[in-house]
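Data block for query_20.cif (mmCIF, C-alpha atoms):
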```cif
data_final
loop_
_atom_site.label_atom_id
_atom_site.label_comp_id
_atom_site.auth_asym_id
_atom_site.auth_seq_id
_atom_site.Cartn_x
_atom_site.Cartn_y
_atom_site.Cartn_z
CA MET A 1 0.00 0.00 0.00
CA THR A 2 1.39 3.39 -0.99
CA ARG A 3 2.11 6.12 1.54
CA LYS A 4 -0.51 8.35 -0.10
CA ARG A 5 -3.11 5.61 0.24
CA VAL A 6 -2.22 5.05 3.91
CA ILE A 7 -2.57 8.77 4.62
CA ALA A 8 -5.95 8.89 2.84
CA LEU A 9 -7.24 5.89 4.79
CA THR A 10 -5.97 7.33 8.06
CA ARG A 11 -7.74 10.63 7.42
CA ARG A 12 -10.91 8.82 6.37
CA TRP A 13 -11.08 6.58 9.43
CA GLY A 14 -10.02 9.44 11.67
CA ALA A 15 -12.86 11.63 10.40
CA LEU A 16 -15.29 8.73 10.80
CA ALA A 17 -14.13 8.14 14.38
CA VAL A 18 -14.64 11.82 15.18
CA SER A 19 -18.18 11.73 13.77
CA PHE A 20 -19.13 8.69 15.87
CA PHE A 21 -17.54 10.28 18.94
CA ILE A 22 -19.65 13.42 18.46
CA SER A 23 -22.82 11.31 18.14
CA ALA A 24 -21.92 9.31 21.25
CA LEU A 25 -21.17 12.51 23.18
CA PHE A 26 -24.49 14.07 22.22
CA LEU A 27 -26.39 10.91 23.15
CA TYR A 28 -24.62 10.79 26.51
CA ILE A 29 -25.58 14.41 27.23
CA GLY A 30 -29.16 13.85 26.13
CA LEU A 31 -29.79 10.61 27.98
CA LYS A 32 -27.65 11.26 31.06
CA GLY A 33 -29.66 10.80 34.24
CA LEU A 34 -32.66 9.32 32.45
CA HIS A 35 -34.15 5.98 33.38
CA LEU A 36 -34.52 4.28 30.03
CA SER A 37 -37.37 2.19 31.43
CA ASP A 38 -39.37 5.41 31.88
CA VAL A 39 -38.60 6.44 28.31
CA TRP A 40 -39.71 3.02 27.07
CA ASP A 41 -42.96 3.21 29.09
CA ASP A 42 -43.81 6.55 27.47
CA MET A 43 -43.09 5.06 24.03
CA ARG A 44 -45.36 2.09 24.72
CA GLN A 45 -48.22 4.40 25.67
CA ALA A 46 -47.94 6.43 22.46
CA THR A 47 -50.87 6.41 20.05
CA ILE A 48 -49.05 5.13 17.01
CA GLY A 49 -51.90 6.01 14.64
CA TRP A 50 -50.83 9.66 14.77
CA LEU A 51 -47.62 8.68 12.97
CA VAL A 52 -49.55 7.93 9.77
CA PRO A 53 -50.63 11.51 8.96
CA GLY A 54 -47.23 12.68 10.19
CA ILE A 55 -45.41 10.46 7.69
CA ALA A 56 -47.82 11.48 4.92
CA VAL A 57 -47.21 15.19 5.48
CA TYR A 58 -43.47 14.55 5.64
CA PHE A 59 -43.51 13.18 2.11
CA LEU A 60 -45.34 16.34 1.07
CA ALA A 61 -42.23 18.16 2.34
CA VAL A 62 -40.05 15.77 0.30
CA TRP A 63 -42.11 16.66 -2.78
CA GLY A 64 -41.52 20.32 -1.92
CA ARG A 65 -37.77 19.64 -1.82
CA THR A 66 -38.05 18.01 -5.22
CA TRP A 67 -39.83 21.03 -6.68
CA ARG A 68 -37.23 23.41 -5.19
CA TRP A 69 -34.38 21.38 -6.70
CA HIS A 70 -36.21 21.27 -10.04
CA TYR A 71 -36.47 25.07 -9.89
CA LEU A 72 -32.80 25.55 -9.01
CA LEU A 73 -31.71 23.19 -11.80
CA ARG A 74 -33.73 24.91 -14.54
CA PRO A 75 -30.92 27.21 -15.76
CA ILE A 76 -28.73 24.11 -16.15
CA LYS A 77 -31.29 21.60 -17.39
CA SER A 78 -35.04 21.19 -16.98
CA VAL A 79 -35.57 17.84 -15.27
CA SER A 80 -39.12 16.64 -14.60
CA LEU A 81 -40.41 16.25 -11.05
CA ARG A 82 -41.19 12.61 -11.80
CA SER A 83 -37.53 11.99 -12.64
CA LEU A 84 -36.16 14.02 -9.73
CA PHE A 85 -38.30 12.63 -6.91
CA PRO A 86 -36.61 9.19 -6.77
CA ILE A 87 -33.19 10.87 -6.91
CA VAL A 88 -34.07 13.14 -3.99
CA VAL A 89 -35.31 10.16 -1.97
CA ILE A 90 -32.14 8.18 -2.74
CA GLY A 91 -30.07 11.15 -1.63
CA TYR A 92 -31.87 11.48 1.69
CA MET A 93 -31.58 7.76 2.20
CA GLY A 94 -27.84 8.18 1.60
CA ASN A 95 -27.71 10.84 4.33
CA ASN A 96 -29.32 8.32 6.67
CA VAL A 97 -26.91 5.46 6.01
CA TYR A 98 -23.62 7.29 5.33
CA PRO A 99 -21.86 9.89 7.52
CA PHE A 100 -21.01 13.48 6.53
CA ARG A 101 -24.23 14.01 4.53
CA ALA A 102 -22.76 11.85 1.77
CA GLY A 103 -26.27 11.50 0.35
CA GLU A 104 -25.90 14.95 -1.17
CA VAL A 105 -22.99 13.69 -3.26
CA ILE A 106 -24.92 10.52 -4.09
CA ARG A 107 -27.86 12.65 -5.26
CA ALA A 108 -25.61 14.62 -7.60
CA TYR A 109 -24.00 11.37 -8.81
CA VAL A 110 -27.36 9.79 -9.69
CA LEU A 111 -28.49 12.97 -11.46
CA LYS A 112 -25.31 12.86 -13.55
CA ARG A 113 -25.94 9.20 -14.34
CA ASN A 114 -29.58 9.75 -15.33
CA GLU A 115 -29.66 13.25 -16.80
CA GLU A 116 -26.04 14.09 -17.74
CA VAL A 117 -25.95 17.14 -15.44
CA ALA A 118 -22.42 17.99 -14.34
CA ILE A 119 -22.00 16.96 -10.73
CA SER A 120 -20.22 20.16 -9.77
CA ALA A 121 -23.16 22.22 -11.06
CA SER A 122 -25.78 20.14 -9.24
CA LEU A 123 -23.68 20.21 -6.08
CA ALA A 124 -23.78 24.00 -6.23
CA THR A 125 -27.59 23.92 -6.26
CA ILE A 126 -27.54 21.52 -3.30
CA VAL A 127 -25.25 23.87 -1.38
CA VAL A 128 -27.71 26.69 -2.12
CA GLU A 129 -30.50 24.49 -0.73
CA ARG A 130 -28.58 23.95 2.50
CA VAL A 131 -27.90 27.68 2.86
CA PHE A 132 -31.59 28.51 2.42
CA ASP A 133 -32.53 25.74 4.86
CA GLY A 134 -30.26 27.34 7.44
CA LEU A 135 -31.71 30.79 6.80
CA VAL A 136 -35.26 29.46 7.22
CA MET A 137 -34.29 27.81 10.50
CA LEU A 138 -33.09 31.19 11.76
CA ILE A 139 -36.32 32.82 10.53
CA PHE A 140 -38.28 30.19 12.47
CA VAL A 141 -36.41 31.05 15.66
CA PHE A 142 -36.90 34.81 15.29
CA VAL A 143 -40.59 34.44 14.35
CA ALA A 144 -41.40 31.93 17.11
CA LEU A 145 -39.50 33.35 20.07
CA PRO A 146 -41.98 36.19 20.80
CA PHE A 147 -44.67 33.51 21.17
CA ALA A 148 -42.45 30.84 22.75
CA ASP A 149 -39.88 32.67 24.86
CA PHE A 150 -36.70 30.65 25.23
CA LYS A 151 -34.04 32.11 27.49
CA GLU A 152 -31.59 29.22 27.50
CA ASP A 153 -28.06 30.48 26.89
CA TRP A 154 -27.14 27.58 24.61
CA LEU A 155 -29.93 28.52 22.19
CA LYS A 156 -28.55 32.05 21.94
CA GLU A 157 -25.13 30.60 21.10
CA VAL A 158 -26.61 28.28 18.45
CA VAL A 159 -28.48 31.19 16.86
CA PHE A 160 -25.43 33.47 16.97
CA PHE A 161 -23.00 31.06 15.31
CA SER A 162 -25.62 29.82 12.84
CA THR A 163 -26.36 33.40 11.82
CA LEU A 164 -22.68 33.99 11.09
CA LEU A 165 -22.43 30.73 9.13
CA PHE A 166 -25.54 30.85 6.98
CA TRP A 167 -25.83 34.58 6.37
CA GLY A 168 -22.10 34.67 5.67
CA ALA A 169 -22.41 31.83 3.15
CA PHE A 170 -25.46 33.43 1.55
CA VAL A 171 -23.71 36.77 1.07
CA VAL A 172 -20.59 35.11 -0.38
CA PHE A 173 -22.58 33.03 -2.88
CA VAL A 174 -24.70 36.00 -3.97
CA ILE A 175 -21.55 38.04 -4.58
CA MET A 176 -20.06 35.17 -6.59
CA ALA A 177 -23.26 34.83 -8.64
CA LEU A 178 -23.54 38.56 -9.33
CA HIS A 179 -19.90 38.91 -10.37
CA PRO A 180 -19.07 35.68 -12.21
CA GLU A 181 -16.23 37.07 -14.34
CA ARG A 182 -14.50 38.73 -11.39
CA THR A 183 -14.99 35.58 -9.30
CA ARG A 184 -13.51 33.43 -12.06
CA ARG A 185 -10.48 35.70 -12.41
CA PHE A 186 -9.93 35.41 -8.67
CA TYR A 187 -10.05 31.61 -8.45
CA VAL A 188 -8.00 31.23 -11.66
CA TRP A 189 -5.34 33.44 -10.06
CA VAL A 190 -5.43 31.44 -6.79
CA PHE A 191 -5.33 28.02 -8.49
CA ALA A 192 -2.46 29.05 -10.79
CA ARG A 193 -0.28 30.03 -7.84
CA LEU A 194 -1.16 27.30 -5.36
CA LEU A 195 -1.80 24.14 -7.36
CA PRO A 196 0.14 21.87 -9.75
CA ARG A 197 -0.89 22.23 -13.39
CA GLY A 198 -2.80 18.94 -13.67
CA ILE A 199 -4.90 19.54 -10.56
CA ASN A 200 -5.33 23.18 -11.53
CA THR A 201 -6.98 22.25 -14.84
CA ARG A 202 -9.41 19.77 -13.26
CA LEU A 203 -10.28 22.13 -10.41
CA LEU A 204 -10.96 24.96 -12.86
CA GLU A 205 -13.48 22.76 -14.68
CA PHE A 206 -15.09 21.92 -11.35
CA ALA A 207 -15.26 25.60 -10.30
CA ASP A 208 -16.70 26.70 -13.66
CA HIS A 209 -19.52 24.17 -13.43
CA PHE A 210 -20.08 25.06 -9.77
CA MET A 211 -20.61 28.67 -10.84
CA ASP A 212 -23.31 27.46 -13.27
CA GLY A 213 -25.25 26.16 -10.29
CA LEU A 214 -25.34 29.62 -8.69
CA VAL A 215 -27.16 31.30 -11.59
CA ASN A 216 -30.46 31.47 -9.66
CA LEU A 217 -28.90 33.75 -7.08
CA ARG A 218 -28.60 36.52 -9.67
CA ARG A 219 -32.35 37.14 -9.98
CA PRO A 220 -34.54 38.50 -7.13
CA ARG A 221 -37.52 36.46 -8.33
CA ASP A 222 -35.53 33.24 -8.08
CA LEU A 223 -34.29 34.18 -4.61
CA ILE A 224 -37.86 34.79 -3.46
CA MET A 225 -39.14 31.55 -4.99
CA THR A 226 -36.34 29.55 -3.36
CA LEU A 227 -37.04 31.18 0.01
CA VAL A 228 -40.81 30.64 -0.24
CA SER A 229 -40.40 26.99 -1.20
CA SER A 230 -37.94 26.50 1.67
CA VAL A 231 -40.42 28.01 4.15
CA PHE A 232 -43.12 25.68 2.79
CA ILE A 233 -40.83 22.66 3.18
CA TRP A 234 -39.99 23.39 6.80
CA LEU A 235 -43.50 24.43 7.84
CA THR A 236 -44.68 21.14 6.40
CA GLU A 237 -42.01 19.22 8.27
CA THR A 238 -42.91 21.05 11.49
CA THR A 239 -46.48 19.89 10.91
CA LYS A 240 -45.14 16.33 11.14
CA TYR A 241 -43.69 17.22 14.53
CA TRP A 242 -47.17 18.44 15.50
CA PHE A 243 -48.89 15.23 14.40
CA VAL A 244 -46.37 13.03 16.20
CA MET A 245 -46.78 15.15 19.35
CA HIS A 246 -50.44 14.07 19.49
CA ALA A 247 -49.29 10.49 19.93
CA PHE A 248 -47.86 11.48 23.34
CA ASP A 249 -49.28 12.87 26.56
CA PHE A 250 -48.08 16.47 26.28
CA LYS A 251 -48.99 19.59 24.37
CA VAL A 252 -46.88 22.56 23.30
CA SER A 253 -47.68 25.28 20.79
CA PHE A 254 -46.81 25.09 17.10
CA PHE A 255 -44.34 27.93 17.73
CA VAL A 256 -42.46 25.74 20.22
CA LEU A 257 -42.25 23.03 17.58
CA MET A 258 -40.93 25.63 15.11
CA VAL A 259 -38.15 26.39 17.60
CA MET A 260 -37.47 22.67 18.01
CA THR A 261 -37.39 22.16 14.23
CA ALA A 262 -34.88 24.97 13.90
CA VAL A 263 -32.65 23.88 16.77
CA VAL A 264 -32.40 20.20 15.84
CA ASN A 265 -31.76 20.90 12.17
CA LEU A 266 -29.13 23.52 12.89
CA ALA A 267 -27.46 21.00 15.20
CA THR A 268 -27.42 18.34 12.48
CA THR A 269 -25.03 20.48 10.44
CA LEU A 270 -22.37 19.16 12.84
CA PRO A 271 -20.51 16.03 11.73
CA SER A 272 -22.09 12.91 13.17
CA SER A 273 -22.74 9.24 12.53
CA PRO A 274 -25.22 8.30 9.79
CA GLY A 275 -28.77 9.45 10.41
CA TYR A 276 -27.72 12.34 12.69
CA VAL A 277 -27.75 10.12 15.78
CA GLY A 278 -27.36 12.27 18.87
CA THR A 279 -27.10 15.61 17.07
CA PHE A 280 -30.84 15.42 16.34
CA ASP A 281 -31.99 13.78 19.58
CA THR A 282 -30.25 15.75 22.32
CA PRO A 283 -31.18 19.24 21.05
CA GLY A 284 -34.78 18.04 20.65
CA ILE A 285 -34.91 16.69 24.20
CA LYS A 286 -33.33 19.82 25.68
CA THR A 287 -35.64 22.13 23.72
CA LEU A 288 -38.81 20.39 24.94
CA LYS A 289 -37.46 20.25 28.48
CA ALA A 290 -36.96 24.02 28.38
CA TYR A 291 -40.68 24.35 27.63
CA GLY A 292 -41.77 22.23 30.57
CA VAL A 293 -41.98 18.73 29.05
CA THR A 294 -40.60 16.07 31.39
CA GLU A 295 -37.29 14.62 30.24
CA PRO A 296 -38.44 10.99 29.84
CA LEU A 297 -41.44 12.14 27.79
CA ALA A 298 -39.32 14.54 25.74
CA ALA A 299 -36.83 11.73 25.07
CA SER A 300 -39.49 9.21 24.03
CA TYR A 301 -41.15 11.73 21.71
CA THR A 302 -37.86 12.85 20.13
CA LEU A 303 -36.62 9.29 19.59
CA VAL A 304 -39.92 8.21 18.00
CA LEU A 305 -39.99 11.36 15.86
CA HIS A 306 -36.43 10.67 14.74
CA ALA A 307 -37.34 7.10 13.79
CA ALA A 308 -40.44 8.32 11.92
CA LEU A 309 -38.27 10.75 9.97
CA TRP A 310 -35.53 8.19 9.31
CA LEU A 311 -37.26 4.91 8.51
CA PRO A 312 -39.89 5.66 5.80
CA ILE A 313 -37.64 7.65 3.48
CA THR A 314 -34.77 5.19 4.00
CA LEU A 315 -36.96 2.24 3.00
CA LEU A 316 -38.34 4.13 0.00
CA GLY A 317 -34.78 5.12 -0.92
CA PHE A 318 -33.71 1.47 -0.96
CA TYR A 319 -36.69 0.69 -3.19
CA TYR A 320 -35.71 3.41 -5.67
CA LEU A 321 -32.10 2.29 -5.46
CA TYR A 322 -33.17 -1.17 -6.59
CA ARG A 323 -35.52 0.23 -9.24
CA GLU A 324 -32.82 2.49 -10.67
CA GLY A 325 -30.50 -0.50 -11.05
CA LEU A 326 -27.90 1.01 -8.73
CA SER A 327 -25.60 -1.07 -6.58
CA TRP A 328 -23.59 -0.42 -3.43
CA ARG A 329 -20.56 -0.11 -5.69
CA ASP A 330 -22.19 2.96 -7.24
CA PHE A 331 -22.73 4.36 -3.75
CA SER A 332 -19.10 3.79 -2.88
CA ARG A 333 -17.93 5.54 -6.03
CA ALA A 334 -20.17 8.52 -5.31
CA LYS A 335 -19.24 8.60 -1.63
CA GLN A 336 -15.53 8.63 -2.36
CA ALA A 337 -15.68 11.60 -4.71
CA THR A 338 -16.87 15.13 -4.26
CA VAL A 339 -17.01 15.42 -8.00
CA ARG A 340 -16.89 12.71 -10.64
CA GLY A 341 -18.35 14.26 -13.76
CA THR A 342 -17.63 14.36 -17.48
CA VAL A 343 -16.94 17.48 -19.49
CA GLY A 344 -16.56 16.40 -23.09
CA GLU A 345 -13.91 13.68 -22.94
CA ASN A 346 -12.38 14.79 -19.63
CA THR A 347 -13.21 13.13 -16.33
CA ILE A 348 -13.06 15.19 -13.14
CA SER A 349 -12.30 13.32 -9.93
CA LEU A 350 -11.67 15.31 -6.79
CA GLU A 351 -11.67 13.60 -3.41
CA SER A 352 -13.04 15.35 -0.34
CA GLU A 353 -11.92 14.66 3.21
CA GLY A 354 -15.44 15.10 4.50
CA VAL A 355 -16.94 12.55 2.14
CA THR A 356 -14.30 9.93 1.48
#
```

Render the structure in this file as structure tokens.
Amino acid sequence: MTRKRVIALTRRWGALAVSFFISALFLYIGLKGLHLSDVWDDMRQATIGWLVPGIAVYFLAVWGRTWRWHYLLRPIKSVSLRSLFPIVVIGYMGNNVYPFRAGEVIRAYVLKRNEEVAISASLATIVVERVFDGLVMLIFVFVALPFADFKEDWLKEVVFFSTLLFWGAFVVFVIMALHPERTRRFYVWVFARLLPRGINTRLLEFADHFMDGLVNLRRPRDLIMTLVSSVFIWLTETTKYWFVMHAFDFKVSFFVLMVMTAVVNLATTLPSSPGYVGTFDTPGIKTLKAYGVTEPLAASYTLVLHAALWLPITLLGFYYLYREGLSWRDFSRAKQATVRGTVGENTISLESEGVT
């Protein structure tokens, strides 16, 4: 085994170990001091029938995500909703079974395979999605807090750092989209001075296609449509939280659930094991506890909610994986590359520490 290969494997396993450690740490914090028998008793008493409308409305949110991606992809290629929906589901399934949100790369890989859209361009649209998701989570917090006052210091810290991250990313991408020629001159200058010629050429192709995926950020109408669709997606998902709440013996306002939706999804931007174990659960438990829900009940609700979010789309994703004729080898290829696309006769292959 070559030294380069050993280093790559070491980094890969090291990053994976860190992600599992973060999940274990979050679970320890969330479940510390709880009697798991009490949590299990609350789960057993849940009215499972409420999960059915919750799951149904969640897939309405998935359809909303499909429409938003269809809209963002239009300047690159118009892909039908019927074609995109299975790809979106496969991608979210990939997030649930691979660490580091590798499903996003898998989604771009399958789109390239089915529709010949450059992976770097589709990845740019996916990054835009994540930025708008983060912005909507912050909007949820600011809208809900007057109706669901939350004075916990850790929430203020989450909101502060998330504001810096997502608004900062949004501003940077808008500037790049509005000034494509100046942006290209800048990264051409940087690549020429910092990278070997072979890597420089491939990375330039990647960056050029990535810029194609930012076209929507140039037009106010597209910005508004992306924001509106993102708000619809997350209000719909919060409605699932509301339905699942009715399966348990507690009641909080919809505004509280908006805060919970925002907090848990901001927390899942942290690296973690597949399926956001711990990074979803502990913030959910702590949020409900801050609003007066007992810890065992908050834990049972959050764990059931997490399972109801994870299991249906994962099973449907496996079905579409089989129907699309994809194998685990295809997943491994996609997972091990940030970009593996074709531009004419040239193949781009750039590995990413966070995905490989």

Two-atom distance - atom CA of Ala298 of chain A, atom CA of Gly103 of chain A (Å):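 Between atom CA of Ala298 of chain A and atom CA of Gly103 of chain A the gap is 28.7 Å.
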
One-decimal distance in Å that lies between atom CA of Phe173 of chain A and atom CA of Phe186 of chain A: 14.1 Å

Neighbouring residues of segment 232-241 of chain A were defined as those with any atom within 8 Å, considering all atoms listed in the file; residues of the same chain fewer than 6 positions away were excluded. Please report them as an NGL selection string. :A and (53-55 or 57-58 or 60-62 or 64-65 or 136 or 254 or 257-258 or 261 or 305)

Could you name the residues that touch Thr163 of chain A at 8 Å or less, counting all atoms listed in the file, but leaving out those on the same chain fewer than 5 positions away, as a ChimeraX atom specification? /A:135,138,168

Please save C-alpha atoms of the selected residues as a PDB file, keeping the file's coordinate frame.
```
ATOM      1  CA  LEU A 135     -31.710  30.790   6.800  1.00  0.00           C
ATOM      2  CA  LEU A 138     -33.090  31.190  11.760  1.00  0.00           C
ATOM      3  CA  GLY A 168     -22.100  34.670   5.670  1.00  0.00           C
TER       4      GLY A 168
END
```

Kindly assemble as a tab-separated table a list of the segment 92-143 of chain A residues that lie within 12 Å of segment 191-205 of chain A, each paired with its nearest atom pair and their distance in Å to one decimal, using only C-alpha atoms, sorted first by chain and then by ascending residue number.
```
residue	atom	partner	partner_atom	distance
A:Ala118	CA	A:Glu205	CA	10.1
A:Ile119	CA	A:Glu205	CA	11.0
A:Ser120	CA	A:Glu205	CA	8.7
A:Ala121	CA	A:Glu205	CA	10.3
```

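Minimum atom-to-atom distance to Trp67 of chain A, evaluated using only C-alpha atoms, belongs to A:Met225 out of A:Ala169, A:Val127, A:Met225, A:Val252.
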
Once the PyMOL selection byres ((chain A and resi 142-159) around 12) is applied to the coordinates I shared, what remains selected? I want it as an NGL selection string. :A and (134-141 or 160-167 or 252-270 or 283-284 or 286-292)

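Run against this file, the PyMOL selection byres ((chain A and resi 18-25) around 10) gives back A:Trp13, A:Gly14, A:Ala15, A:Leu16, A:Ala17, A:Phe26, A:Leu27, A:Tyr28, A:Ile29, A:Gly30, A:Pro99, A:Phe100, A:Leu270, A:Pro271, A:Ser272, A:Ser273, A:Pro274, A:Gly275, A:Tyr276, A:Val277, A:Gly278, A:Thr279, A:Phe280, A:Asp281, A:Thr282.
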
Mind writing the picked residues with C-alpha atoms as a PDB file, in the coordinates of the input?
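See result-v5.pdb below for the written result:
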```
ATOM      1  CA  TRP A  13     -11.080   6.580   9.430  1.00  0.00           C
ATOM      2  CA  GLY A  14     -10.020   9.440  11.670  1.00  0.00           C
ATOM      3  CA  ALA A  15     -12.860  11.630  10.400  1.00  0.00           C
ATOM      4  CA  LEU A  16     -15.290   8.730  10.800  1.00  0.00           C
ATOM      5  CA  ALA A  17     -14.130   8.140  14.380  1.00  0.00           C
ATOM      6  CA  PHE A  26     -24.490  14.070  22.220  1.00  0.00           C
ATOM      7  CA  LEU A  27     -26.390  10.910  23.150  1.00  0.00           C
ATOM      8  CA  TYR A  28     -24.620  10.790  26.510  1.00  0.00           C
ATOM      9  CA  ILE A  29     -25.580  14.410  27.230  1.00  0.00           C
ATOM     10  CA  GLY A  30     -29.160  13.850  26.130  1.00  0.00           C
ATOM     11  CA  PRO A  99     -21.860   9.890   7.520  1.00  0.00           C
ATOM     12  CA  PHE A 100     -21.010  13.480   6.530  1.00  0.00           C
ATOM     13  CA  LEU A 270     -22.370  19.160  12.840  1.00  0.00           C
ATOM     14  CA  PRO A 271     -20.510  16.030  11.730  1.00  0.00           C
ATOM     15  CA  SER A 272     -22.090  12.910  13.170  1.00  0.00           C
ATOM     16  CA  SER A 273     -22.740   9.240  12.530  1.00  0.00           C
ATOM     17  CA  PRO A 274     -25.220   8.300   9.790  1.00  0.00           C
ATOM     18  CA  GLY A 275     -28.770   9.450  10.410  1.00  0.00           C
ATOM     19  CA  TYR A 276     -27.720  12.340  12.690  1.00  0.00           C
ATOM     20  CA  VAL A 277     -27.750  10.120  15.780  1.00  0.00           C
ATOM     21  CA  GLY A 278     -27.360  12.270  18.870  1.00  0.00           C
ATOM     22  CA  THR A 279     -27.100  15.610  17.070  1.00  0.00           C
ATOM     23  CA  PHE A 280     -30.840  15.420  16.340  1.00  0.00           C
ATOM     24  CA  ASP A 281     -31.990  13.780  19.580  1.00  0.00           C
ATOM     25  CA  THR A 282     -30.250  15.750  22.320  1.00  0.00           C
TER      26      THR A 282
END
```

Using all atoms listed in the file: which of A:Ile126, A:Val97, A:Leu36, A:Ile48 has the shortest distance to Thr66 of chain A: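 That would be A:Ile126, the residue with the smallest distance to Thr66 of chain A.
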
On this structure, the PyMOL selection byres ((chain A and resi 180) around 12) would catch which residues? List them as a PyMOL selection string, sorted by chain and number. chain A and resi 172-179+181-188+207-215+217-218

Distance criterion (all atoms listed in the file): nearest to Thr294 of chain A out of A:Leu123, A:Phe59, A:Asp42, A:Arg12: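 Answer, going by the shortest atom-to-atom distance: A:Asp42.
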
Each side padded by 3 Å, which centre and which edge lengths in Å (one decimal) define the axis-aligned box around the listed atoms of segment 297-316 of chain A? Give them as JSON.
```
{"center_x": -38.1, "center_y": 8.4, "center_z": 13.9, "size_x": 12.7, "size_y": 18.3, "size_z": 33.8}
```

Atom CA of Val128 of chain A to atom CA of Thr314 of chain A: how many Å, to one decimal?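 Answer for the atom CA of Val128 of chain A to atom CA of Thr314 of chain A separation: 23.4 Å.
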
Which residues, written as a list in words, have at least one atom at most 9 Å from Lys251 of chain A, with only C-alpha atoms counted and residues fewer than 4 positions away on the same chain left out? Met245, His246 and Val293 of chain A

Minimum-distance residue to Tyr319 of chain A, chosen among A:Thr47, A:Arg82, A:Ile76, A:Ile87 (using only C-alpha atoms):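 Of A:Thr47, A:Arg82, A:Ile76, A:Ile87, the one nearest Tyr319 of chain A, counting only C-alpha atoms, is A:Ile87.
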